[in-house]
Amino acid sequence: MNAIEVTGLGKDFAAGPAGARVRALVDVTLQVREGEVVGLLGPNGSGKSTLLKLLLGLLRPTAGCCRLWGTDPREPGARAAVGYLPEAPGFPPELTGFEVVRLHARLGGISGPGLDERVGRTLADAGLAAAMHRRVGGYSQGMRRRLGIAQALVHEPRLLILDEPAAGLDPAGAEAVRALLRESRARRRTVLVSSHLPGEAAGDCDRAVLLHRGRLVREGTVDDWTRRGARSTLVVDALAPALVEELRTWLGARGATLRDAEPPGAAIERSYREAVAADPGGGDKEP
Amino acid sequence: MIAPVRSAQQAALIGGSVLRECRRQRLALLPAAGAAAFTGGAWLLRDFNFGTTELKFLLDAGLGAQALFGAILAIVVPAQQFSAAVDGRTAPLVLARPVRREAFVAGHLGAAVVLLLGFCALLSLLLATLLWWRETGLMRAHPAAFAHGRQVPYAALGWAGLGQWLRLSVLAAVTLCFASYARTGMFATLAGFGALAACQLQHLARGHLETMASPAARLGAWLLGALVPDLHRFDLAAPTTVDGAPVAGTVLALATYAVTWVAVLGTLAACGFRHRDL
């Protein structure tokens with residue numbers, strides 16, 4: 001069964017007092033099967049967030065329709081098994097992280113004596129064990145992001161809708177998001193994850209679709225996208241930029257193309273990740 | 001679980017969260033402190049030794065402070081909290097849950113009504129305490145003037161507080177109705193103050209139109225009464241100070257009037273919010 005079914009979906013927004021309209025989505029058709037992890041790729045302003053909001057009933061479509069397990073998402077029951085992380089999640093600043101996640105758990109229909117323990121465990125898993133009883137207003141951007149992930153997962157949803165989940169996270173946080181995608185894939189949880197950075201999410205997806213100017217322009221498995229079968233990957237340490245150019249020329253002379261070379265910054269990022277991972281006191285981020 | 005019961009529970013959860021937020025923001029503290037200071041300040045006029053008239057002055061000042069600062073609270077709380085939820089992006093997160101938009105609006109309205117109940121109860125209690133204390137002092141100083149016992153109708157003071165709460169609840173519902181359509185909290189707040197003036201003075205315009213002979217004027221008076229809530233009728237201060245406690249029938253009719261308007265305005269707010277893109 002399809003967890004998500006989108007047919008001919010379109011959305012226009014008013015763009016000014018003169019009645020001008022902006023077409024944010026045009027005739028998008030998409031299916032996501034139960035247990036599939038799908039990446040929704042596209043540059044900023046391509047309509048990714050609009051599509052996700054339409055799937056949650058937060059926006060009304062101008063044309064077409066979308067369904068969650070065959071039900072209109074504007075029906076509350078259709079959203080019962082959905083966890084949503086928006087691009088910029090907003091939380092009441094005076095409440096504590098624990099209160100926020102507890103509220104979302106209860107709104108999701110979870111109650112009973114094990115509720116508080118479950119909320120605490122979810123927050124600890126998200127890396128907020130020490131900060132859960134502090135005001136959200138004092139959280140850093142990364143901590144808010146982790147809180148957003150916690151509230152999306154607290155009711156163990158069957159479908160996760162993640163809008164730019166790694167935005168604003170440090171390398172360790174971004175790695176945690178990738179781990180979440182891998183875990184979801186292993187548990188056969190359906191995930192629709194958007195990103196404007198293809199390498200960020202697509203590697204952990206079964207399939208990726210590309211939105212551009214509101215239209216779905218490409219769709220396929222990750223292998224289709226990267227054509228891995230036709231590629232060779234060389235991993236070389238400490239290759240100076242001048243040598244990269246020499247290598248490019250050398251390969252070109254033999255009919256091959258050097259598609260990508262990881263910049264020195266990526267090595268710094270990896271070293272940083274390793275150093276943070278090696279720190280036993282690592283965990284909650286301070287604002 | 002039955003859908004309406006579930007929606008009611010969710011509205012209570014959202015309302016509880018809004019109230020907790022209001023308490024920690026100390027949003028109600030300023031109007032409550034202002035009203036208390038205003039009421040307490042009137043007591044300073046005891047030096048003029050007005051005798052029994054002083055008690056009436058205290059009563060009027062206290063009820064006036066309750067009406068003025070209560071109106072500020074009834075407008076600012078729903079306008080700011082609702083707009084903050086929409087602009088601050090907490091609303092999309094809540095509404096991505098299996099929560100009806102009606103429950104979201106009801107939660108915000110319920111929170112404002114409960115907050116106003118606390119405000120009116122607190123101010124009524126403060127006023128009654130102040131009056132009791134001052135009346136006791138005056139009874140000692142002028143026993144002849146109090147030969148028939150205490151003169152302040154304390155039970156009626158409670159009715160006046162109830163009338164004030166009903167009035168402010170209708171005003172909060174009007175403001176929430178504007179907030180559900182408005183794009184900014186500032187617009188909702190200003191519209192709320194405009195509505196306060198229109199609703200408070202509605203009876204004067206209606207009375208004037210009813211005296212005119214033309215059918216159009218009479219239709220206008222009818223429309224005014226049907227479309228704009230009359231906040232003036234909740235003023236139970238006059239019967240409190242002049243005739244004693246209002247009869248139960250009057251209070252029941254007022255409560256019905258208030259509940260009807262709150263329900264109508266709440267439904268309008270929910271309809272407006274239901275079709276709003278978030």
# chains A, B, ... in the order shown; residues from 1 in each chain; ligands from 1

call {"tool": "select_by_dssp", "arguments": {"residues": "range 12-237 of chain B", "states": "alpha helix (DSSP H)", "output": "PyMOL selection string"}}
result
chain B and resi 12-25+29-43+52-87+90-95+101-141+154-181+185-211+215-227+237

call {"tool": "residues_around", "arguments": {"residues": "range 179-184 of chain B", "least_positions_apart": "2", "cutoff": "12 Å", "atoms": "only C-alpha atoms", "output": "ChimeraX atom specification"}}
result
/B:75-88,91,101-102,104-106,108-109,172-177,186-192,265-278

call {"tool": "interface_residues", "arguments": {"of": "chain B", "to": "chain A", "cutoff": "9 Å", "atoms": "only C-alpha atoms", "output": "ChimeraX atom specification"}}
result
/B:6,9-10,13-14,17-18,20-22,24-25,84-85,87-100,275-278

call {"tool": "write_last_selection", "arguments": {"atoms": "N, CA and C atoms", "output": "compact mmCIF listing (two decimals), in the first residue's frame"}}
result
# COMPACT_ATOMS: atom_id res chain seq x y z
N ARG B 6 -12.38 13.52 22.22
CA ARG B 6 -10.94 13.64 21.95
C ARG B 6 -10.58 15.10 21.64
N GLN B 9 -10.56 17.10 24.79
CA GLN B 9 -9.33 16.83 25.57
C GLN B 9 -8.14 17.58 24.96
N GLN B 10 -8.08 17.56 23.63
CA GLN B 10 -6.97 18.25 22.97
C GLN B 10 -7.07 19.77 23.18
N LEU B 13 -5.77 20.48 26.52
CA LEU B 13 -4.31 20.39 26.55
C LEU B 13 -3.68 21.66 25.98
N ILE B 14 -4.23 22.11 24.85
CA ILE B 14 -3.70 23.32 24.21
C ILE B 14 -3.95 24.53 25.12
N SER B 17 -1.59 24.59 27.99
CA SER B 17 -0.26 25.00 27.56
C SER B 17 -0.20 26.53 27.38
N VAL B 18 -1.27 27.10 26.81
CA VAL B 18 -1.32 28.56 26.62
C VAL B 18 -1.34 29.27 27.98
N ARG B 20 -0.14 28.15 30.83
CA ARG B 20 1.18 28.02 31.45
C ARG B 20 2.14 29.05 30.85
N GLU B 21 2.04 29.22 29.53
CA GLU B 21 2.87 30.18 28.83
C GLU B 21 2.56 31.60 29.33
N CYS B 22 1.27 31.92 29.46
CA CYS B 22 0.85 33.25 29.94
C CYS B 22 1.39 33.50 31.34
N ARG B 24 3.99 32.16 32.84
CA ARG B 24 5.44 32.35 32.88
C ARG B 24 5.88 33.64 32.20
N GLN B 25 5.07 34.10 31.25
CA GLN B 25 5.39 35.39 30.61
C GLN B 25 4.96 36.55 31.50
N ALA B 84 1.14 34.83 18.09
CA ALA B 84 2.47 34.27 18.36
C ALA B 84 2.52 32.80 17.95
N ALA B 85 1.43 32.09 18.16
CA ALA B 85 1.40 30.66 17.79
C ALA B 85 1.49 30.49 16.28
N ASP B 87 2.57 32.97 13.96
CA ASP B 87 3.82 33.56 13.44
C ASP B 87 5.05 32.81 13.94
N GLY B 88 5.00 32.36 15.18
CA GLY B 88 6.15 31.67 15.78
C GLY B 88 6.23 30.22 15.38
N ARG B 89 5.34 29.78 14.51
CA ARG B 89 5.36 28.45 13.92
C ARG B 89 5.12 27.33 14.93
N THR B 90 4.49 27.64 16.07
CA THR B 90 4.11 26.53 16.96
C THR B 90 2.81 25.90 16.48
N ALA B 91 1.96 26.72 15.82
CA ALA B 91 0.67 26.20 15.34
C ALA B 91 0.83 25.08 14.31
N PRO B 92 1.72 25.22 13.27
CA PRO B 92 1.84 24.12 12.31
C PRO B 92 2.28 22.81 12.95
N LEU B 93 3.14 22.94 13.97
CA LEU B 93 3.64 21.73 14.63
C LEU B 93 2.50 21.02 15.37
N VAL B 94 1.67 21.82 16.04
CA VAL B 94 0.53 21.25 16.78
C VAL B 94 -0.50 20.68 15.79
N LEU B 95 -0.73 21.42 14.70
CA LEU B 95 -1.79 21.00 13.77
C LEU B 95 -1.33 19.90 12.81
N ALA B 96 -0.03 19.56 12.84
CA ALA B 96 0.43 18.38 12.10
C ALA B 96 0.06 17.11 12.87
N ARG B 97 -0.33 17.27 14.13
CA ARG B 97 -0.84 16.17 14.95
C ARG B 97 -2.30 15.92 14.55
N PRO B 98 -2.88 14.84 15.03
CA PRO B 98 -4.30 14.62 14.71
C PRO B 98 -5.21 15.56 15.50
N VAL B 99 -5.00 16.85 15.32
CA VAL B 99 -5.74 17.88 16.06
C VAL B 99 -6.58 18.69 15.08
N ARG B 100 -7.86 18.86 15.38
CA ARG B 100 -8.73 19.69 14.54
C ARG B 100 -8.40 21.16 14.81
N HIS B 275 -9.73 27.58 7.12
CA HIS B 275 -9.34 27.73 5.72
C HIS B 275 -8.03 28.51 5.55
N ARG B 276 -7.35 28.72 6.64
CA ARG B 276 -6.14 29.54 6.57
C ARG B 276 -4.92 28.66 6.27
N ASP B 277 -4.09 29.12 5.33
CA ASP B 277 -2.84 28.42 5.03
C ASP B 277 -1.81 28.74 6.10
N LEU B 278 -1.13 27.71 6.59
CA LEU B 278 -0.14 27.92 7.66
C LEU B 278 1.28 27.66 7.15

call {"tool": "residues_around", "arguments": {"residues": "Leu19 in chain B", "least_positions_apart": "3", "cutoff": "8 Å", "atoms": "only C-alpha atoms", "output": "list of chain:residue names"}}
result
B:Gly15, B:Gly16, B:Cys22, B:Arg23, B:Ala111, B:Ala112, B:Leu115

call {"tool": "residues_around", "arguments": {"residues": "Leu180 in chain A", "least_positions_apart": "4", "cutoff": "12 Å", "atoms": "only C-alpha atoms", "output": "VMD selection string"}}
result
chain A and resid 37 125 to 126 146 149 to 150 152 to 153 160 162 165 to 166 173 to 176 184 to 187 189 to 191 193 201 204 to 205

call {"tool": "write_last_selection", "arguments": {"atoms": "N, CA and C atoms", "output": "PDB file, in the first residue's frame"}}
result
ATOM      1  N   VAL A  37      12.095   4.913   2.022  1.00  0.00           N
ATOM      2  CA  VAL A  37      12.724   6.174   2.429  1.00  0.00           C
ATOM      3  C   VAL A  37      13.001   6.975   1.152  1.00  0.00           C
ATOM      4  N   ASP A 125      17.431  10.224  23.933  1.00  0.00           N
ATOM      5  CA  ASP A 125      17.899   9.683  22.647  1.00  0.00           C
ATOM      6  C   ASP A 125      18.250  10.802  21.669  1.00  0.00           C
ATOM      7  N   ALA A 126      17.531  11.925  21.803  1.00  0.00           N
ATOM      8  CA  ALA A 126      17.799  13.071  20.909  1.00  0.00           C
ATOM      9  C   ALA A 126      18.976  13.910  21.398  1.00  0.00           C
ATOM     10  N   ARG A 146      17.068  19.319  17.687  1.00  0.00           N
ATOM     11  CA  ARG A 146      17.000  18.026  18.363  1.00  0.00           C
ATOM     12  C   ARG A 146      15.645  17.860  19.049  1.00  0.00           C
ATOM     13  N   ILE A 149      13.170  16.901  16.500  1.00  0.00           N
ATOM     14  CA  ILE A 149      13.271  15.476  16.162  1.00  0.00           C
ATOM     15  C   ILE A 149      12.596  14.642  17.255  1.00  0.00           C
ATOM     16  N   ALA A 150      12.816  15.036  18.520  1.00  0.00           N
ATOM     17  CA  ALA A 150      12.221  14.286  19.633  1.00  0.00           C
ATOM     18  C   ALA A 150      10.691  14.315  19.574  1.00  0.00           C
ATOM     19  N   ALA A 152       8.898  14.724  16.993  1.00  0.00           N
ATOM     20  CA  ALA A 152       8.416  13.995  15.812  1.00  0.00           C
ATOM     21  C   ALA A 152       8.426  12.483  16.049  1.00  0.00           C
ATOM     22  N   LEU A 153       9.314  12.031  16.956  1.00  0.00           N
ATOM     23  CA  LEU A 153       9.480  10.585  17.146  1.00  0.00           C
ATOM     24  C   LEU A 153       8.772  10.037  18.381  1.00  0.00           C
ATOM     25  N   LEU A 160       7.464   9.398   8.705  1.00  0.00           N
ATOM     26  CA  LEU A 160       8.213  10.580   9.156  1.00  0.00           C
ATOM     27  C   LEU A 160       8.321  11.567   7.998  1.00  0.00           C
ATOM     28  N   LEU A 162      10.267  14.881   7.164  1.00  0.00           N
ATOM     29  CA  LEU A 162      11.363  15.709   7.683  1.00  0.00           C
ATOM     30  C   LEU A 162      11.709  16.783   6.660  1.00  0.00           C
ATOM     31  N   PRO A 165      16.129  18.274   7.657  1.00  0.00           N
ATOM     32  CA  PRO A 165      16.403  17.895   9.060  1.00  0.00           C
ATOM     33  C   PRO A 165      17.794  18.250   9.549  1.00  0.00           C
ATOM     34  N   ALA A 166      18.767  18.335   8.642  1.00  0.00           N
ATOM     35  CA  ALA A 166      20.138  18.594   9.102  1.00  0.00           C
ATOM     36  C   ALA A 166      20.497  20.073   9.083  1.00  0.00           C
ATOM     37  N   GLY A 173      25.449  16.339  14.751  1.00  0.00           N
ATOM     38  CA  GLY A 173      23.992  16.362  14.620  1.00  0.00           C
ATOM     39  C   GLY A 173      23.543  15.868  13.258  1.00  0.00           C
ATOM     40  N   ALA A 174      24.287  16.301  12.206  1.00  0.00           N
ATOM     41  CA  ALA A 174      23.962  15.854  10.846  1.00  0.00           C
ATOM     42  C   ALA A 174      24.144  14.351  10.726  1.00  0.00           C
ATOM     43  N   GLU A 175      25.176  13.833  11.377  1.00  0.00           N
ATOM     44  CA  GLU A 175      25.410  12.391  11.358  1.00  0.00           C
ATOM     45  C   GLU A 175      24.279  11.660  12.097  1.00  0.00           C
ATOM     46  N   ALA A 176      23.777  12.295  13.183  1.00  0.00           N
ATOM     47  CA  ALA A 176      22.657  11.696  13.927  1.00  0.00           C
ATOM     48  C   ALA A 176      21.409  11.617  13.043  1.00  0.00           C
ATOM     49  N   SER A 184      15.465   4.195  10.400  1.00  0.00           N
ATOM     50  CA  SER A 184      14.099   4.153   9.886  1.00  0.00           C
ATOM     51  C   SER A 184      13.999   3.147   8.740  1.00  0.00           C
ATOM     52  N   ARG A 185      15.028   3.155   7.920  1.00  0.00           N
ATOM     53  CA  ARG A 185      15.046   2.237   6.787  1.00  0.00           C
ATOM     54  C   ARG A 185      15.065   0.794   7.289  1.00  0.00           C
ATOM     55  N   ALA A 186      15.890   0.564   8.318  1.00  0.00           N
ATOM     56  CA  ALA A 186      15.996  -0.786   8.873  1.00  0.00           C
ATOM     57  C   ALA A 186      14.685  -1.229   9.514  1.00  0.00           C
ATOM     58  N   ARG A 187      13.964  -0.274  10.105  1.00  0.00           N
ATOM     59  CA  ARG A 187      12.704  -0.616  10.789  1.00  0.00           C
ATOM     60  C   ARG A 187      11.505  -0.560   9.861  1.00  0.00           C
ATOM     61  N   ARG A 189      10.221   1.941   8.403  1.00  0.00           N
ATOM     62  CA  ARG A 189       9.383   3.127   8.614  1.00  0.00           C
ATOM     63  C   ARG A 189       9.427   3.960   7.337  1.00  0.00           C
ATOM     64  N   THR A 190       8.281   4.495   6.949  1.00  0.00           N
ATOM     65  CA  THR A 190       8.243   5.315   5.745  1.00  0.00           C
ATOM     66  C   THR A 190       8.790   6.701   6.077  1.00  0.00           C
ATOM     67  N   VAL A 191       9.667   7.206   5.230  1.00  0.00           N
ATOM     68  CA  VAL A 191      10.245   8.531   5.475  1.00  0.00           C
ATOM     69  C   VAL A 191      10.233   9.340   4.178  1.00  0.00           C
ATOM     70  N   VAL A 193      12.002  12.819   3.200  1.00  0.00           N
ATOM     71  CA  VAL A 193      12.935  13.801   3.755  1.00  0.00           C
ATOM     72  C   VAL A 193      13.357  14.777   2.665  1.00  0.00           C
ATOM     73  N   ALA A 201      21.215  13.896   2.102  1.00  0.00           N
ATOM     74  CA  ALA A 201      20.176  12.943   2.443  1.00  0.00           C
ATOM     75  C   ALA A 201      20.056  11.788   1.463  1.00  0.00           C
ATOM     76  N   ASP A 204      21.184   8.017   1.906  1.00  0.00           N
ATOM     77  CA  ASP A 204      20.519   7.110   2.831  1.00  0.00           C
ATOM     78  C   ASP A 204      19.086   6.799   2.398  1.00  0.00           C
ATOM     79  N   CYS A 205      18.732   7.170   1.180  1.00  0.00           N
ATOM     80  CA  CYS A 205      17.354   6.971   0.714  1.00  0.00           C
ATOM     81  C   CYS A 205      17.266   5.809  -0.272  1.00  0.00           C
TER      82      CYS A 205
END

call {"tool": "atom_distance", "arguments": {"atom1": "CA of Ala145 in chain B", "atom2": "CA of Phe57 in chain B"}}
result
16.7 Å

call {"tool": "atom_distance", "arguments": {"atom1": "CA of Thr221 in chain A", "atom2": "CA of Met1 in chain A"}}
result
18.8 Å

call {"tool": "residues_around", "arguments": {"residues": "Leu131 in chain B", "least_positions_apart": "5", "cutoff": "9 Å", "atoms": "only C-alpha atoms", "output": "list of chain:residue names"}}
result
B:Trp43, B:Leu55, B:Leu58, B:Leu59, B:Leu126, B:Thr136, B:Val152, B:Tyr154

call {"tool": "write_last_selection", "arguments": {"atoms": "C-alpha atoms", "output": "CSV table (one decimal), in the first residue's frame"}}
result
chain,number,residue,atom,x,y,z
B,43,TRP,CA,-8.5,54.1,49.4
B,55,LEU,CA,-17.5,53.5,50.2
B,58,LEU,CA,-14.2,52.9,46.5
B,59,LEU,CA,-16.7,50.5,44.9
B,126,LEU,CA,-9.4,42.5,46.7
B,136,THR,CA,-15.5,48.4,59.6
B,152,VAL,CA,-22.1,47.5,51.1
B,154,TYR,CA,-21.1,42.2,49.3
